[in-house]
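Take a look at the structure below.
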Amino acid sequence: MSIQTTGLPLCVRISADEWVEGGWDIEQSIYLASKLKELGITFIHVSAGGNQEKQIMPPLTPLYQAGYAKTIRKEVDVATIAVGLITTAHEGEALLRDGGCDLVAYGRELLRNPNFVFFAAKEHGLRDLIEVSYLRAF
């Protein structure tokens, strides 16, 4: 069986670990990712936790969930999207450069700072990517 697409990439978001003893974990997620790849999924968007009341979360540090995307990418050879307190363009670029993922999701950072992309463009000397009408603000 395979998924019939219209030529567009198809992404599935998974929770790689429930952070609950005896619960869903990275090994099961690797197996799931391999089956999704067989079906023709293009990307796996890898998150963790947040779905069990009794979860025991790891410390909230930068990139705290990104390792799951890297593990699945390495073990399954499938494109992944990383999440987990990725708050700077430099962090995202490092994940991409070091093979940690294929795409970066900035979720909460974009909620906190809807102008994140403009600030990142300015920081990297890419002001020409900013729409002219916004340049005075950046």
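Order determines the names: the first chain of the structure tokens is A, the second B, and so forth; residues in each chain are numbered 1 upward, and ligands are numbered 1 upward as they are shown.
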
- Which residues, written as a PyMOL selection string, have at least one atom at most 12 Å from Arg136 of chain A, with only C-alpha atoms counted and residues fewer than 2 positions away on the same chain left out? chain A and resi 118+122+127+130-134+138

- Run DSSP on the backbone and give me the residues of segment 43-138 of chain A it puts in strand (DSSP E), as a VMD selection string. chain A and resid 43 to 47 79 to 82 103 to 104

Hey, can you spit out that residue selection with C-alpha atoms as a PDB file, in the first residue's frame?
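Written output follows (again.pdb):
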```
ATOM      1  CA  PHE A  43       8.550  14.566   5.878  1.00  0.00           C
ATOM      2  CA  ILE A  44       8.049  13.564   9.488  1.00  0.00           C
ATOM      3  CA  HIS A  45       7.502  16.523  11.821  1.00  0.00           C
ATOM      4  CA  VAL A  46       8.926  15.270  15.115  1.00  0.00           C
ATOM      5  CA  SER A  47       7.708  16.618  18.444  1.00  0.00           C
ATOM      6  CA  ALA A  79      13.377  13.853   5.949  1.00  0.00           C
ATOM      7  CA  THR A  80      12.481  15.344   9.331  1.00  0.00           C
ATOM      8  CA  ILE A  81      11.324  18.635  10.786  1.00  0.00           C
ATOM      9  CA  ALA A  82      12.780  19.558  14.187  1.00  0.00           C
ATOM     10  CA  LEU A 103      13.461  21.663   8.038  1.00  0.00           C
ATOM     11  CA  VAL A 104      13.118  23.700  11.226  1.00  0.00           C
TER      12      VAL A 104
END
```

- Counting only C-alpha atoms, figure out which residue out of A:Ser34, A:Gly23, A:Asp77, A:Glu18 gets nearest to Asn51 of chain A.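 Using only C-alpha atoms, the shortest distance to Asn51 of chain A belongs to A:Glu18.
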
- Task: Using only C-alpha atoms, determine which residues lie at most 6 Å from segment 60-75 of chain A, disregarding the query and same-chain residues fewer than 5 positions distant; provide the list as a VMD selection string.
- Result: chain A and resid 30 46 80 82 to 86 100 to 101

Go ahead and write the residues just picked, N, CA and C atoms, as a PDB file, in the first residue's frame.
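File part11.pdb, as written:
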```pdb
ATOM      1  N   ILE A  30      10.628   5.264  15.702  1.00  0.00           N
ATOM      2  CA  ILE A  30      11.492   4.852  14.589  1.00  0.00           C
ATOM      3  C   ILE A  30      10.752   3.839  13.725  1.00  0.00           C
ATOM      4  N   VAL A  46       8.687  16.017  13.886  1.00  0.00           N
ATOM      5  CA  VAL A  46       8.926  15.270  15.115  1.00  0.00           C
ATOM      6  C   VAL A  46       8.867  16.168  16.346  1.00  0.00           C
ATOM      7  N   THR A  80      13.162  14.991   8.087  1.00  0.00           N
ATOM      8  CA  THR A  80      12.481  15.344   9.331  1.00  0.00           C
ATOM      9  C   THR A  80      12.438  16.856   9.527  1.00  0.00           C
ATOM     10  N   ALA A  82      12.454  19.488  12.764  1.00  0.00           N
ATOM     11  CA  ALA A  82      12.780  19.558  14.187  1.00  0.00           C
ATOM     12  C   ALA A  82      12.016  20.683  14.873  1.00  0.00           C
ATOM     13  N   VAL A  83      11.714  20.470  16.147  1.00  0.00           N
ATOM     14  CA  VAL A  83      11.054  21.461  17.001  1.00  0.00           C
ATOM     15  C   VAL A  83      11.745  21.450  18.362  1.00  0.00           C
ATOM     16  N   GLY A  84      11.313  22.338  19.248  1.00  0.00           N
ATOM     17  CA  GLY A  84      11.751  22.255  20.630  1.00  0.00           C
ATOM     18  C   GLY A  84      12.595  23.415  21.110  1.00  0.00           C
ATOM     19  N   LEU A  85      11.991  24.550  21.332  1.00  0.00           N
ATOM     20  CA  LEU A  85      12.675  25.758  21.802  1.00  0.00           C
ATOM     21  C   LEU A  85      13.821  26.161  20.878  1.00  0.00           C
ATOM     22  N   ILE A  86      13.548  26.134  19.594  1.00  0.00           N
ATOM     23  CA  ILE A  86      14.485  26.651  18.604  1.00  0.00           C
ATOM     24  C   ILE A  86      14.101  28.115  18.448  1.00  0.00           C
ATOM     25  N   GLY A 100      20.931  17.514  11.628  1.00  0.00           N
ATOM     26  CA  GLY A 100      19.940  17.234  12.659  1.00  0.00           C
ATOM     27  C   GLY A 100      18.522  17.152  12.138  1.00  0.00           C
ATOM     28  N   CYS A 101      18.276  17.755  10.981  1.00  0.00           N
ATOM     29  CA  CYS A 101      16.939  17.755  10.394  1.00  0.00           C
ATOM     30  C   CYS A 101      17.031  18.328   8.986  1.00  0.00           C
TER      31      CYS A 101
END
```

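Of the residues listed (A:Val76, A:Ala137, A:Ala105, A:Leu96), A:Ala105 shows the shortest atom-to-atom separation from Arg13 of chain A; distances use only C-alpha atoms.
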
- Nearest to Asp102 of chain A, restricted to only C-alpha atoms and choosing among A:Ala33, A:Ala120, A:Val78, A:Leu126, comes out as A:Val78

- Please provide as a list in words all residues within 12 Å of Gly40 of chain A, with the sequence filter that same-chain residues fewer than 2 positions apart are discarded (counting only C-alpha atoms). Met1, Ser2, Ile3, Gln4, Thr5, Thr6, Gly7, Leu8, Pro9, Leu10, Cys11, Val12, Ala33, Ser34, Lys35, Leu36, Lys37, Glu38, Thr42, Phe43, Ile44, Val78 and Ala79 of chain A

- Task: From segment 51-125 of chain A, collect each residue whose DSSP state is alpha helix (DSSP H) and return the set as JSON, numbers by chain.
- Result: {"A": [66, 67, 68, 69, 70, 71, 72, 73, 74, 75, 76, 89, 90, 91, 92, 93, 94, 95, 96, 97, 107, 108, 109, 110, 111, 112, 116, 117, 118, 119, 120, 121, 122, 123]}

- What gap, in Å, lies between atom CA of Arg108 of chain A and atom CA of Trp24 of chain A? 24.1 Å

- Å distance separating atom CA of Tyr31 of chain A from atom CA of Gly92 of chain A, one decimal place: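 These two atoms are separated by 26.1 Å.
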
- Task: Choose the residue, out of A:Glu91, A:Asp17, A:Asp128, A:Ala121, that has the smallest atom-to-atom separation from Ile56 of chain A; count only C-alpha atoms.
- Result: A:Asp17

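When only C-alpha atoms are used to measure the gap to Leu32 of chain A, the shortest distance among A:Ser15, A:Phe116, A:Asp98, A:Ala48 belongs to A:Ser15.
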
- Any idea what the distance is between atom CA of Ala89 of chain A and atom CA of Leu111 of chain A?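 Atom CA of Ala89 of chain A sits 15.2 Å away from atom CA of Leu111 of chain A.
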